[in-house]
>>> print(open('entry38.cif').read())   # mmCIF, C-alpha atoms and all ligand atoms
data_upload
#
loop_
_atom_site.label_atom_id
_atom_site.label_comp_id
_atom_site.auth_asym_id
_atom_site.auth_seq_id
_atom_site.Cartn_x
_atom_site.Cartn_y
_atom_site.Cartn_z
CA MET L 9 105.22 43.40 94.47
CA ARG L 10 101.70 42.52 93.38
CA PHE L 11 101.60 42.95 89.65
CA ALA L 12 98.34 42.39 87.76
CA LYS L 13 97.75 38.73 86.90
CA ASN L 14 96.07 39.18 83.51
CA ILE L 15 97.66 38.53 80.10
CA VAL L 16 97.25 42.04 78.65
CA VAL L 17 100.37 43.85 77.43
CA ALA L 18 99.80 47.32 75.97
CA HIS L 19 101.99 47.80 72.88
CA ARG L 20 103.86 51.15 73.21
CA GLY L 21 101.53 51.93 76.14
CA ALA L 22 97.74 52.32 75.96
CA TRP L 23 97.66 55.17 73.45
CA LYS L 24 95.14 54.38 70.77
CA LYS L 25 91.74 54.74 72.41
CA ASN L 26 92.56 58.09 74.02
CA ASN L 27 94.72 59.42 71.20
CA LEU L 28 97.91 59.69 73.25
CA PRO L 29 101.39 59.58 71.72
CA GLU L 30 102.84 56.06 71.48
CA ASN L 31 105.69 55.46 73.91
CA SER L 32 104.75 58.52 76.01
CA ILE L 33 104.62 58.53 79.81
CA ALA L 34 100.91 59.37 79.40
CA SER L 35 100.37 56.13 77.46
CA LEU L 36 102.27 54.17 80.13
CA GLN L 37 100.11 55.72 82.84
CA GLU L 38 96.95 54.86 80.91
CA ALA L 39 98.12 51.22 80.63
CA VAL L 40 98.59 51.25 84.42
CA ARG L 41 95.21 52.90 85.00
CA ILE L 42 93.33 50.22 83.03
CA GLY L 43 95.28 47.47 84.82
CA CYS L 44 97.48 45.94 82.11
CA THR L 45 99.94 43.33 83.31
CA GLY L 46 102.58 44.93 81.07
CA SER L 47 103.25 48.06 79.06
CA GLU L 48 105.76 47.85 76.24
CA PHE L 49 108.19 50.60 75.12
CA ASP L 50 111.16 50.90 72.73
CA VAL L 51 114.63 52.19 73.57
CA HIS L 52 117.39 53.59 71.32
CA LEU L 53 120.79 55.15 72.02
CA THR L 54 121.42 58.76 70.93
CA ALA L 55 124.74 59.97 69.50
CA ASP L 56 125.66 61.28 72.98
CA ASP L 57 124.78 57.97 74.66
CA THR L 58 121.39 58.86 76.12
CA LEU L 59 118.79 56.08 76.21
CA ILE L 60 115.55 57.40 74.76
CA VAL L 61 112.08 55.98 74.30
CA ASN L 62 110.74 56.01 70.74
CA HIS L 63 109.62 53.38 68.26
CA ASP L 64 111.32 54.37 65.02
CA ASP L 65 115.06 54.88 64.65
CA LYS L 66 114.19 58.45 63.59
CA TYR L 67 112.44 61.13 65.63
CA ALA L 68 111.16 64.40 64.17
CA GLY L 69 112.96 63.49 60.94
CA MET L 70 116.30 63.05 62.71
CA LYS L 71 118.24 59.81 63.04
CA ILE L 72 118.36 59.07 66.77
CA GLU L 73 121.78 57.43 66.69
CA GLU L 74 123.30 60.41 64.88
CA ASN L 75 121.83 63.21 67.02
CA THR L 76 122.17 64.36 70.61
CA TYR L 77 119.39 64.07 73.14
CA ALA L 78 119.26 67.88 73.43
CA ALA L 79 118.70 68.23 69.69
CA LEU L 80 116.03 65.51 69.62
CA ALA L 81 114.25 66.85 72.71
CA GLN L 82 113.62 70.21 71.04
CA THR L 83 110.61 68.61 69.38
CA LYS L 84 107.89 67.72 71.90
CA LEU L 85 105.48 64.80 71.62
CA PHE L 86 102.05 65.95 70.42
CA ASN L 87 100.66 65.97 73.98
CA GLY L 88 103.39 68.40 75.04
CA GLU L 89 105.62 65.82 76.75
CA THR L 90 109.35 65.93 76.22
CA ILE L 91 110.49 62.73 74.52
CA PRO L 92 111.21 60.49 77.53
CA THR L 93 114.60 59.15 78.40
CA ALA L 94 114.58 55.51 79.50
CA ARG L 95 115.51 56.76 82.97
CA THR L 96 112.49 59.10 83.19
CA TYR L 97 110.27 56.37 81.81
CA LEU L 98 111.43 53.73 84.30
CA LEU L 99 111.15 56.16 87.22
CA ALA L 100 107.56 56.94 86.19
CA GLY L 101 106.81 53.22 85.88
CA MET L 102 108.28 52.46 89.28
CA GLN L 103 105.69 54.70 90.95
CA GLN L 104 103.22 51.81 90.69
CA HIS L 105 103.08 48.03 91.20
CA THR L 106 100.36 46.97 88.77
CA THR L 107 102.08 46.93 85.43
CA LYS L 108 105.43 45.50 84.40
CA LEU L 109 107.63 47.51 82.07
CA VAL L 110 108.26 45.59 78.85
CA PHE L 111 111.57 47.11 77.77
CA GLU L 112 112.41 46.61 74.09
CA ILE L 113 116.08 47.12 73.35
CA LYS L 114 116.23 48.11 69.69
CA ALA L 115 118.95 46.80 67.42
CA SER L 116 121.44 49.48 66.36
CA VAL L 117 121.19 50.68 62.77
CA ILE L 118 124.91 51.53 62.86
CA SER L 119 126.55 48.31 64.09
CA LYS L 120 126.21 45.14 66.14
CA GLU L 121 128.78 46.60 68.55
CA ARG L 122 126.62 49.63 69.19
CA GLY L 123 123.71 47.27 69.89
CA GLN L 124 125.84 45.53 72.52
CA LYS L 125 126.69 48.90 74.07
CA LEU L 126 123.01 49.82 74.11
CA ALA L 127 122.17 46.52 75.86
CA GLN L 128 124.88 47.16 78.44
CA LYS L 129 123.62 50.69 79.12
CA CYS L 130 120.03 49.46 79.46
CA VAL L 131 120.93 46.77 82.00
CA GLU L 132 123.17 49.21 83.90
CA LEU L 133 120.29 51.68 84.12
CA VAL L 134 117.85 49.03 85.36
CA LYS L 135 120.34 47.93 88.01
CA THR L 136 121.13 51.52 89.10
CA LEU L 137 117.44 52.29 89.54
CA LYS L 138 116.77 48.87 91.12
CA ALA L 139 114.04 48.43 88.51
CA GLU L 140 114.63 44.68 88.04
CA PRO L 141 111.27 43.59 89.56
CA TRP L 142 109.37 45.72 87.00
CA VAL L 143 111.37 44.97 83.87
CA MET L 144 110.80 42.34 81.19
CA TYR L 145 113.32 42.80 78.37
CA ILE L 146 112.57 42.02 74.73
CA SER L 147 114.70 42.34 71.59
CA PHE L 148 114.80 41.30 67.93
CA ASP L 149 118.58 41.05 68.14
CA TYR L 150 119.56 37.65 69.55
CA ASP L 151 123.02 38.93 70.53
CA ILE L 152 121.31 41.61 72.62
CA VAL L 153 119.12 38.95 74.29
CA LYS L 154 122.26 36.96 75.14
CA LYS L 155 124.09 40.08 76.36
CA VAL L 156 121.24 40.92 78.76
CA LEU L 157 121.33 37.39 80.20
CA GLU L 158 125.11 37.60 80.59
CA LEU L 159 124.88 40.94 82.45
CA GLN L 160 121.77 40.13 84.47
CA PRO L 161 121.58 36.33 84.94
CA GLY L 162 118.01 35.20 85.47
CA ALA L 163 116.61 38.33 83.81
CA ASN L 164 113.14 38.07 82.35
CA VAL L 165 113.90 38.39 78.64
CA ALA L 166 112.07 37.31 75.50
CA TYR L 167 113.22 37.04 71.91
CA LEU L 168 111.14 38.76 69.24
CA ASN L 169 112.37 37.71 65.83
CA GLY L 170 110.44 34.46 65.39
CA ASP L 171 113.26 32.38 63.88
CA LYS L 172 114.19 30.19 66.86
CA SER L 173 112.22 27.26 68.22
CA PRO L 174 111.27 27.14 71.90
CA ALA L 175 113.74 24.25 72.37
CA GLN L 176 116.56 26.38 70.90
CA LEU L 177 115.68 29.22 73.27
CA LYS L 178 115.57 26.84 76.22
CA ALA L 179 119.02 25.52 75.25
CA ASN L 180 120.35 29.11 75.48
CA ASN L 181 118.49 29.77 78.79
CA VAL L 182 116.25 32.37 77.15
CA PRO L 183 113.12 32.28 79.30
CA GLY L 184 110.58 33.71 76.87
CA LEU L 185 109.52 34.23 73.31
CA ASP L 186 107.40 37.04 71.91
CA TYR L 187 106.68 36.41 68.22
CA HIS L 188 104.53 37.93 65.51
CA TYR L 189 101.19 36.13 65.37
CA SER L 190 101.89 34.74 61.88
CA VAL L 191 104.82 32.72 63.30
CA PHE L 192 102.40 30.59 65.34
CA ARG L 193 100.19 29.95 62.30
CA LYS L 194 103.28 28.71 60.45
CA ASN L 195 104.64 26.70 63.42
CA PRO L 196 101.60 25.71 65.49
CA ASP L 197 103.61 23.00 67.25
CA TRP L 198 105.80 25.70 68.84
CA ILE L 199 102.99 26.53 71.28
CA ALA L 200 103.06 23.07 72.89
CA GLU L 201 106.85 23.01 72.61
CA ALA L 202 107.12 26.28 74.52
CA LYS L 203 104.86 24.97 77.27
CA GLN L 204 106.85 21.72 77.52
CA ASN L 205 110.08 23.71 77.81
CA LYS L 206 108.54 26.27 80.19
CA VAL L 207 109.37 29.08 77.78
CA GLU L 208 106.89 31.94 78.32
CA LEU L 209 104.62 32.72 75.38
CA ASN L 210 103.89 36.24 74.20
CA VAL L 211 102.59 37.37 70.80
CA TRP L 212 102.47 40.69 68.92
CA THR L 213 100.61 42.69 67.77
CA VAL L 214 97.14 41.19 68.13
CA ASN L 215 94.45 43.78 67.45
CA SER L 216 91.33 41.94 66.22
CA ALA L 217 88.85 40.20 68.52
CA GLU L 218 89.03 37.04 66.40
CA ASP L 219 92.80 36.76 66.72
CA MET L 220 92.68 37.64 70.43
CA LYS L 221 90.21 34.81 71.06
CA TRP L 222 92.49 32.34 69.31
CA PHE L 223 95.48 33.25 71.47
CA ILE L 224 93.34 33.30 74.63
CA ASP L 225 92.19 29.75 73.77
CA GLN L 226 95.81 28.70 73.21
CA LYS L 227 96.49 29.87 76.78
CA PHE L 228 99.25 32.33 76.00
CA ASP L 229 100.99 33.90 78.99
CA TYR L 230 100.69 37.35 77.38
CA ILE L 231 99.05 39.00 74.38
CA THR L 232 100.57 42.26 73.15
CA THR L 233 98.05 44.63 71.58
CA ASN L 234 97.26 48.17 70.51
CA GLU L 235 93.71 47.50 71.78
CA PRO L 236 94.12 46.55 75.45
CA GLU L 237 90.57 47.74 76.27
CA LEU L 238 89.13 45.27 73.72
CA LEU L 239 91.25 42.42 75.08
CA PHE L 240 90.02 43.14 78.62
CA GLU L 241 86.42 43.04 77.33
CA LEU L 242 86.99 39.60 75.77
CA LEU L 243 88.68 38.26 78.91
CA LYS L 244 85.65 39.27 81.00
CA LYS L 245 83.36 37.03 78.91
MG MG K 301 108.43 47.47 70.35
#
>>> encode(input="entry38.cif", output="structure tokens")
Amino acid sequence: MRFAKNIVVAHRGAWKKNNLPENSIASLQEAVRIGCTGSEFDVHLTADDTLIVNHDDKYAGMKIEENTYAALAQTKLFNGETIPTARTYLLAGMQQHTTKLVFEIKASVISKERGQKLAQKCVELVKTLKAEPWVMYISFDYDIVKKVLELQPGANVAYLNGDKSPAQLKANNVPGLDYHYSVFRKNPDWIAEAKQNKVELNVWTVNSAEDMKWFIDQKFDYITTNEPELLFELLKK
């Protein structure tokens, strides 16, 4: 596998510049085409236990966890795509070896237990498809992060919620963090602490050139952005 070596992670795919739907296969393919090292997407569990790719916990006005995939899929994305299942999405992503698939496991709105079930189904799917080399997991739910590591020891997984220090993550064998940019303004010492502990550094969602430059200078491993084209421009300079 020869994945791209840059630091650019497209947030929900590369959708903005070309007006594609977020979290669509088209936005994933655009992230691949422009050479991003990663393309992020969000996964929820439907009422009938299908893993689907969407940001919000609602789709077309329907609560994802309370509706079947068939009911949800009746509404197409605005480019005509059917709302992707995680399986379809991973299979599309595995057609290439440029871009890693940054797989966000969403917390369940219904219960912690359902979040654990979602994590289990996500890891099972990745294993079934043999998608491990492509996948970097992320989650706001620390119990989901721990569940992924229990089910897939050594998995590449990063915590999103910004309330644990790099040393705490290291102590729990969590190999990465991916925090909102404001967290690093509040805790600037966490950058050095992450490097000392060999915890990978990612940041979301960095969309201005000024902020991008700051995180480039801080030598982050990844920068997650809605503007991957702009970040590539800055990295060329
Ligand atoms: Mg996300």
>>> closest_residue(input="entry38.cif", among="L:Ser173, L:Thr45, L:Gln37, L:Asn62", to="ligand MG 301 (chain K)", atoms="only C-alpha atoms and all ligand atoms")
L:Asn62
>>> residues_near_ligand(input="entry38.cif", ligand="ligand MG 301 (chain K)", cutoff="6 Å", atoms="all atoms listed in the file", output="PyMOL selection string")
chain L and resi 49-50+112
>>> closest_atom_pairs(input="entry38.cif", of="segment 139-182 of chain L", to="segment 98-102 of chain L", cutoff="12 Å", atoms="all atoms listed in the file", output="Markdown table")
| residue | atom | partner | partner_atom | distance |
| --- | --- | --- | --- | --- |
| L:Ala139 | CA | L:Met102 | CA | 7.1 |
| L:Glu140 | CA | L:Met102 | CA | 10.1 |
| L:Pro141 | CA | L:Met102 | CA | 9.4 |
| L:Trp142 | CA | L:Met102 | CA | 7.2 |
| L:Val143 | CA | L:Leu98 | CA | 8.8 |
| L:Met144 | CA | L:Leu98 | CA | 11.8 |
>>> residues_around(input="entry38.cif", residues="Asn215 of chain L", least_positions_apart="3", cutoff="12 Å", atoms="all atoms listed in the file", output="list of chain:residue names")
L:Val16, L:Val17, L:Ala18, L:His19, L:Lys24, L:His188, L:Tyr189, L:Val211, L:Trp212, L:Glu218, L:Asp219, L:Met220, L:Lys221, L:Trp222, L:Phe223, L:Ile231, L:Thr232, L:Thr233, L:Asn234, L:Glu235, L:Pro236, L:Glu237, L:Leu238, L:Leu239, L:Leu242
>>> closest_residue(input="entry38.cif", among="L:Lys227, L:His63, L:Lys13, L:Arg20", to="Leu109 of chain L", atoms="all atoms listed in the file")
L:Arg20
>>> residues_around(input="entry38.cif", residues="Ala115 of chain L", least_positions_apart="6", cutoff="12 Å", atoms="only C-alpha atoms", output="list in words")
Asp50, Val51, His52, Leu53, His63, Asp64, Asp65, Glu73, Glu121, Arg122, Gly123, Gln124, Lys125, Leu126, Ala127, Ile146, Ser147, Phe148, Asp149, Tyr150, Asp151, Ile152, Val153, Leu168 and Asn169 of chain L
>>> atom_distance(input="entry38.cif", atom1="atom CA of Lys114 of chain L", atom2="atom CA of Lys84 of chain L")
21.4 Å
>>> residues_around(input="entry38.cif", residues="Val207 of chain L", least_positions_apart="2", cutoff="6 Å", atoms="all atoms listed in the file", output="PyMOL selection string")
chain L and resi 183-184+202+205
>>> atom_distance(input="entry38.cif", atom1="atom CA of Asn164 of chain L", atom2="atom CA of Ile60 of chain L")
20.9 Å
>>> residues_around(input="entry38.cif", residues="segment 196-201 of chain L", least_positions_apart="6", cutoff="12 Å", atoms="only C-alpha atoms", output="list in words")
Gly170, Asp171, Lys172, Ser173, Pro174, Ala175, Gln176, Leu177, Lys178, Gly184, Leu185, Asp186, Tyr187, Tyr189, Ser190, Val207, Glu208, Leu209, Asn210, Val211, Trp222, Phe223, Asp225, Gln226, Lys227, Phe228 and Asp229 of chain L
>>> closest_residue(input="entry38.cif", among="L:Ala39, L:Ser116, L:Cys130, L:Phe111", to="Ile72 of chain L", atoms="only C-alpha atoms")
L:Ser116
>>> residues_around(input="entry38.cif", residues="Leu28 of chain L", least_positions_apart="6", cutoff="10 Å", atoms="only C-alpha atoms", output="PDB file with C-alpha atoms, in the coordinates of the input")
ATOM      1  CA  GLY L  21     101.530  51.930  76.140  1.00  0.00           C
ATOM      2  CA  ALA L  22      97.740  52.320  75.960  1.00  0.00           C
ATOM      3  CA  ALA L  34     100.910  59.370  79.400  1.00  0.00           C
ATOM      4  CA  SER L  35     100.370  56.130  77.460  1.00  0.00           C
ATOM      5  CA  LEU L  36     102.270  54.170  80.130  1.00  0.00           C
ATOM      6  CA  GLU L  38      96.950  54.860  80.910  1.00  0.00           C
ATOM      7  CA  LEU L  85     105.480  64.800  71.620  1.00  0.00           C
ATOM      8  CA  PHE L  86     102.050  65.950  70.420  1.00  0.00           C
ATOM      9  CA  ASN L  87     100.660  65.970  73.980  1.00  0.00           C
TER      10      ASN L  87
END
>>> closest_residue(input="entry38.cif", among="L:Leu159, L:Ala79, L:Leu59, L:Ala166", to="Val110 of chain L", atoms="all atoms listed in the file")
L:Ala166
>>> atom_distance(input="entry38.cif", atom1="atom CA of Thr93 of chain L", atom2="atom CA of Ile15 of chain L")
26.7 Å
>>> closest_residue(input="entry38.cif", among="L:Ser119, L:Thr90, L:Thr213, L:Asn181", to="Pro161 of chain L", atoms="all atoms listed in the file")
L:Asn181
>>> closest_residue(input="entry38.cif", among="L:Ser216, L:Asn26, L:Asn180, L:Gln104", to="Arg10 of chain L", atoms="all atoms listed in the file")
L:Gln104
>>> decode(input="entry38.cif", residues="segment 203-236 of chain L", atoms="N, CA and C atoms", output="PDB file, in the first residue's frame")
ATOM      1  N   LYS L 203       3.566  14.744  20.916  1.00  0.00           N
ATOM      2  CA  LYS L 203       4.775  14.308  20.208  1.00  0.00           C
ATOM      3  C   LYS L 203       5.658  13.454  21.123  1.00  0.00           C
ATOM      4  N   GLN L 204       5.803  13.882  22.378  1.00  0.00           N
ATOM      5  CA  GLN L 204       6.608  13.103  23.337  1.00  0.00           C
ATOM      6  C   GLN L 204       6.033  11.700  23.531  1.00  0.00           C
ATOM      7  N   ASN L 205       4.711  11.621  23.545  1.00  0.00           N
ATOM      8  CA  ASN L 205       4.045  10.330  23.789  1.00  0.00           C
ATOM      9  C   ASN L 205       3.775   9.556  22.502  1.00  0.00           C
ATOM     10  N   LYS L 206       4.227  10.105  21.366  1.00  0.00           N
ATOM     11  CA  LYS L 206       3.977   9.492  20.060  1.00  0.00           C
ATOM     12  C   LYS L 206       2.482   9.230  19.826  1.00  0.00           C
ATOM     13  N   VAL L 207       1.676  10.207  20.230  1.00  0.00           N
ATOM     14  CA  VAL L 207       0.247  10.191  19.924  1.00  0.00           C
ATOM     15  C   VAL L 207       0.066  11.061  18.682  1.00  0.00           C
ATOM     16  N   GLU L 208      -0.546  10.493  17.625  1.00  0.00           N
ATOM     17  CA  GLU L 208      -0.676  11.243  16.373  1.00  0.00           C
ATOM     18  C   GLU L 208      -1.619  12.436  16.543  1.00  0.00           C
ATOM     19  N   LEU L 209      -1.267  13.527  15.866  1.00  0.00           N
ATOM     20  CA  LEU L 209      -1.996  14.788  16.011  1.00  0.00           C
ATOM     21  C   LEU L 209      -2.806  15.097  14.754  1.00  0.00           C
ATOM     22  N   ASN L 210      -4.117  15.240  14.952  1.00  0.00           N
ATOM     23  CA  ASN L 210      -5.002  15.678  13.893  1.00  0.00           C
ATOM     24  C   ASN L 210      -5.859  16.788  14.476  1.00  0.00           C
ATOM     25  N   VAL L 211      -6.406  17.638  13.641  1.00  0.00           N
ATOM     26  CA  VAL L 211      -7.195  18.783  14.099  1.00  0.00           C
ATOM     27  C   VAL L 211      -8.337  19.024  13.122  1.00  0.00           C
ATOM     28  N   TRP L 212      -9.507  19.418  13.665  1.00  0.00           N
ATOM     29  CA  TRP L 212     -10.668  19.739  12.818  1.00  0.00           C
ATOM     30  C   TRP L 212     -11.246  21.064  13.242  1.00  0.00           C
ATOM     31  N   THR L 213     -12.086  21.666  12.462  1.00  0.00           N
ATOM     32  CA  THR L 213     -12.095  21.615  11.013  1.00  0.00           C
ATOM     33  C   THR L 213     -11.470  22.932  10.593  1.00  0.00           C
ATOM     34  N   VAL L 214     -10.296  22.874  10.019  1.00  0.00           N
ATOM     35  CA  VAL L 214      -9.457  24.056   9.795  1.00  0.00           C
ATOM     36  C   VAL L 214      -9.674  24.541   8.365  1.00  0.00           C
ATOM     37  N   ASN L 215     -10.341  25.696   8.228  1.00  0.00           N
ATOM     38  CA  ASN L 215     -10.761  26.136   6.891  1.00  0.00           C
ATOM     39  C   ASN L 215     -10.124  27.435   6.417  1.00  0.00           C
ATOM     40  N   SER L 216      -9.474  28.188   7.323  1.00  0.00           N
ATOM     41  CA  SER L 216      -8.853  29.449   6.875  1.00  0.00           C
ATOM     42  C   SER L 216      -7.358  29.237   6.664  1.00  0.00           C
ATOM     43  N   ALA L 217      -6.801  30.001   5.724  1.00  0.00           N
ATOM     44  CA  ALA L 217      -5.371  29.894   5.413  1.00  0.00           C
ATOM     45  C   ALA L 217      -4.532  30.200   6.655  1.00  0.00           C
ATOM     46  N   GLU L 218      -4.958  31.200   7.413  1.00  0.00           N
ATOM     47  CA  GLU L 218      -4.205  31.606   8.605  1.00  0.00           C
ATOM     48  C   GLU L 218      -4.116  30.442   9.608  1.00  0.00           C
ATOM     49  N   ASP L 219      -5.239  29.834   9.881  1.00  0.00           N
ATOM     50  CA  ASP L 219      -5.236  28.700  10.824  1.00  0.00           C
ATOM     51  C   ASP L 219      -4.452  27.520  10.249  1.00  0.00           C
ATOM     52  N   MET L 220      -4.613  27.264   8.967  1.00  0.00           N
ATOM     53  CA  MET L 220      -3.861  26.155   8.342  1.00  0.00           C
ATOM     54  C   MET L 220      -2.360  26.351   8.534  1.00  0.00           C
ATOM     55  N   LYS L 221      -1.893  27.588   8.300  1.00  0.00           N
ATOM     56  CA  LYS L 221      -0.456  27.859   8.421  1.00  0.00           C
ATOM     57  C   LYS L 221       0.026  27.575   9.833  1.00  0.00           C
ATOM     58  N   TRP L 222      -0.786  27.932  10.814  1.00  0.00           N
ATOM     59  CA  TRP L 222      -0.396  27.721  12.213  1.00  0.00           C
ATOM     60  C   TRP L 222      -0.213  26.222  12.483  1.00  0.00           C
ATOM     61  N   PHE L 223      -1.153  25.418  12.021  1.00  0.00           N
ATOM     62  CA  PHE L 223      -1.053  23.975  12.289  1.00  0.00           C
ATOM     63  C   PHE L 223       0.035  23.311  11.428  1.00  0.00           C
ATOM     64  N   ILE L 224       0.289  23.857  10.256  1.00  0.00           N
ATOM     65  CA  ILE L 224       1.421  23.358   9.452  1.00  0.00           C
ATOM     66  C   ILE L 224       2.724  23.630  10.220  1.00  0.00           C
ATOM     67  N   ASP L 225       2.848  24.847  10.748  1.00  0.00           N
ATOM     68  CA  ASP L 225       4.065  25.224  11.493  1.00  0.00           C
ATOM     69  C   ASP L 225       4.242  24.372  12.752  1.00  0.00           C
ATOM     70  N   GLN L 226       3.125  23.959  13.352  1.00  0.00           N
ATOM     71  CA  GLN L 226       3.196  23.123  14.556  1.00  0.00           C
ATOM     72  C   GLN L 226       3.474  21.654  14.205  1.00  0.00           C
ATOM     73  N   LYS L 227       3.636  21.395  12.909  1.00  0.00           N
ATOM     74  CA  LYS L 227       3.974  20.053  12.424  1.00  0.00           C
ATOM     75  C   LYS L 227       2.960  18.983  12.860  1.00  0.00           C
ATOM     76  N   PHE L 228       1.696  19.286  12.587  1.00  0.00           N
ATOM     77  CA  PHE L 228       0.654  18.286  12.830  1.00  0.00           C
ATOM     78  C   PHE L 228       0.792  17.141  11.821  1.00  0.00           C
ATOM     79  N   ASP L 229       0.391  15.948  12.249  1.00  0.00           N
ATOM     80  CA  ASP L 229       0.426  14.792  11.343  1.00  0.00           C
ATOM     81  C   ASP L 229      -0.651  14.917  10.269  1.00  0.00           C
ATOM     82  N   TYR L 230      -1.791  15.515  10.662  1.00  0.00           N
ATOM     83  CA  TYR L 230      -2.924  15.681   9.744  1.00  0.00           C
ATOM     84  C   TYR L 230      -3.636  16.988  10.056  1.00  0.00           C
ATOM     85  N   ILE L 231      -4.256  17.562   9.024  1.00  0.00           N
ATOM     86  CA  ILE L 231      -5.160  18.697   9.211  1.00  0.00           C
ATOM     87  C   ILE L 231      -6.447  18.347   8.469  1.00  0.00           C
ATOM     88  N   THR L 232      -7.562  18.376   9.193  1.00  0.00           N
ATOM     89  CA  THR L 232      -8.859  18.026   8.599  1.00  0.00           C
ATOM     90  C   THR L 232      -9.579  19.302   8.204  1.00  0.00           C
ATOM     91  N   THR L 233     -10.031  19.349   6.943  1.00  0.00           N
ATOM     92  CA  THR L 233     -10.536  20.614   6.391  1.00  0.00           C
ATOM     93  C   THR L 233     -11.643  20.406   5.361  1.00  0.00           C
ATOM     94  N   ASN L 234     -12.510  21.419   5.270  1.00  0.00           N
ATOM     95  CA  ASN L 234     -13.486  21.473   4.174  1.00  0.00           C
ATOM     96  C   ASN L 234     -12.868  22.070   2.917  1.00  0.00           C
ATOM     97  N   GLU L 235     -11.627  22.548   3.023  1.00  0.00           N
ATOM     98  CA  GLU L 235     -10.958  23.246   1.915  1.00  0.00           C
ATOM     99  C   GLU L 235      -9.627  22.553   1.580  1.00  0.00           C
ATOM    100  N   PRO L 236      -9.677  21.277   1.192  1.00  0.00           N
ATOM    101  CA  PRO L 236      -8.417  20.568   0.942  1.00  0.00           C
ATOM    102  C   PRO L 236      -7.589  21.196  -0.182  1.00  0.00           C
TER     103      PRO L 236
END
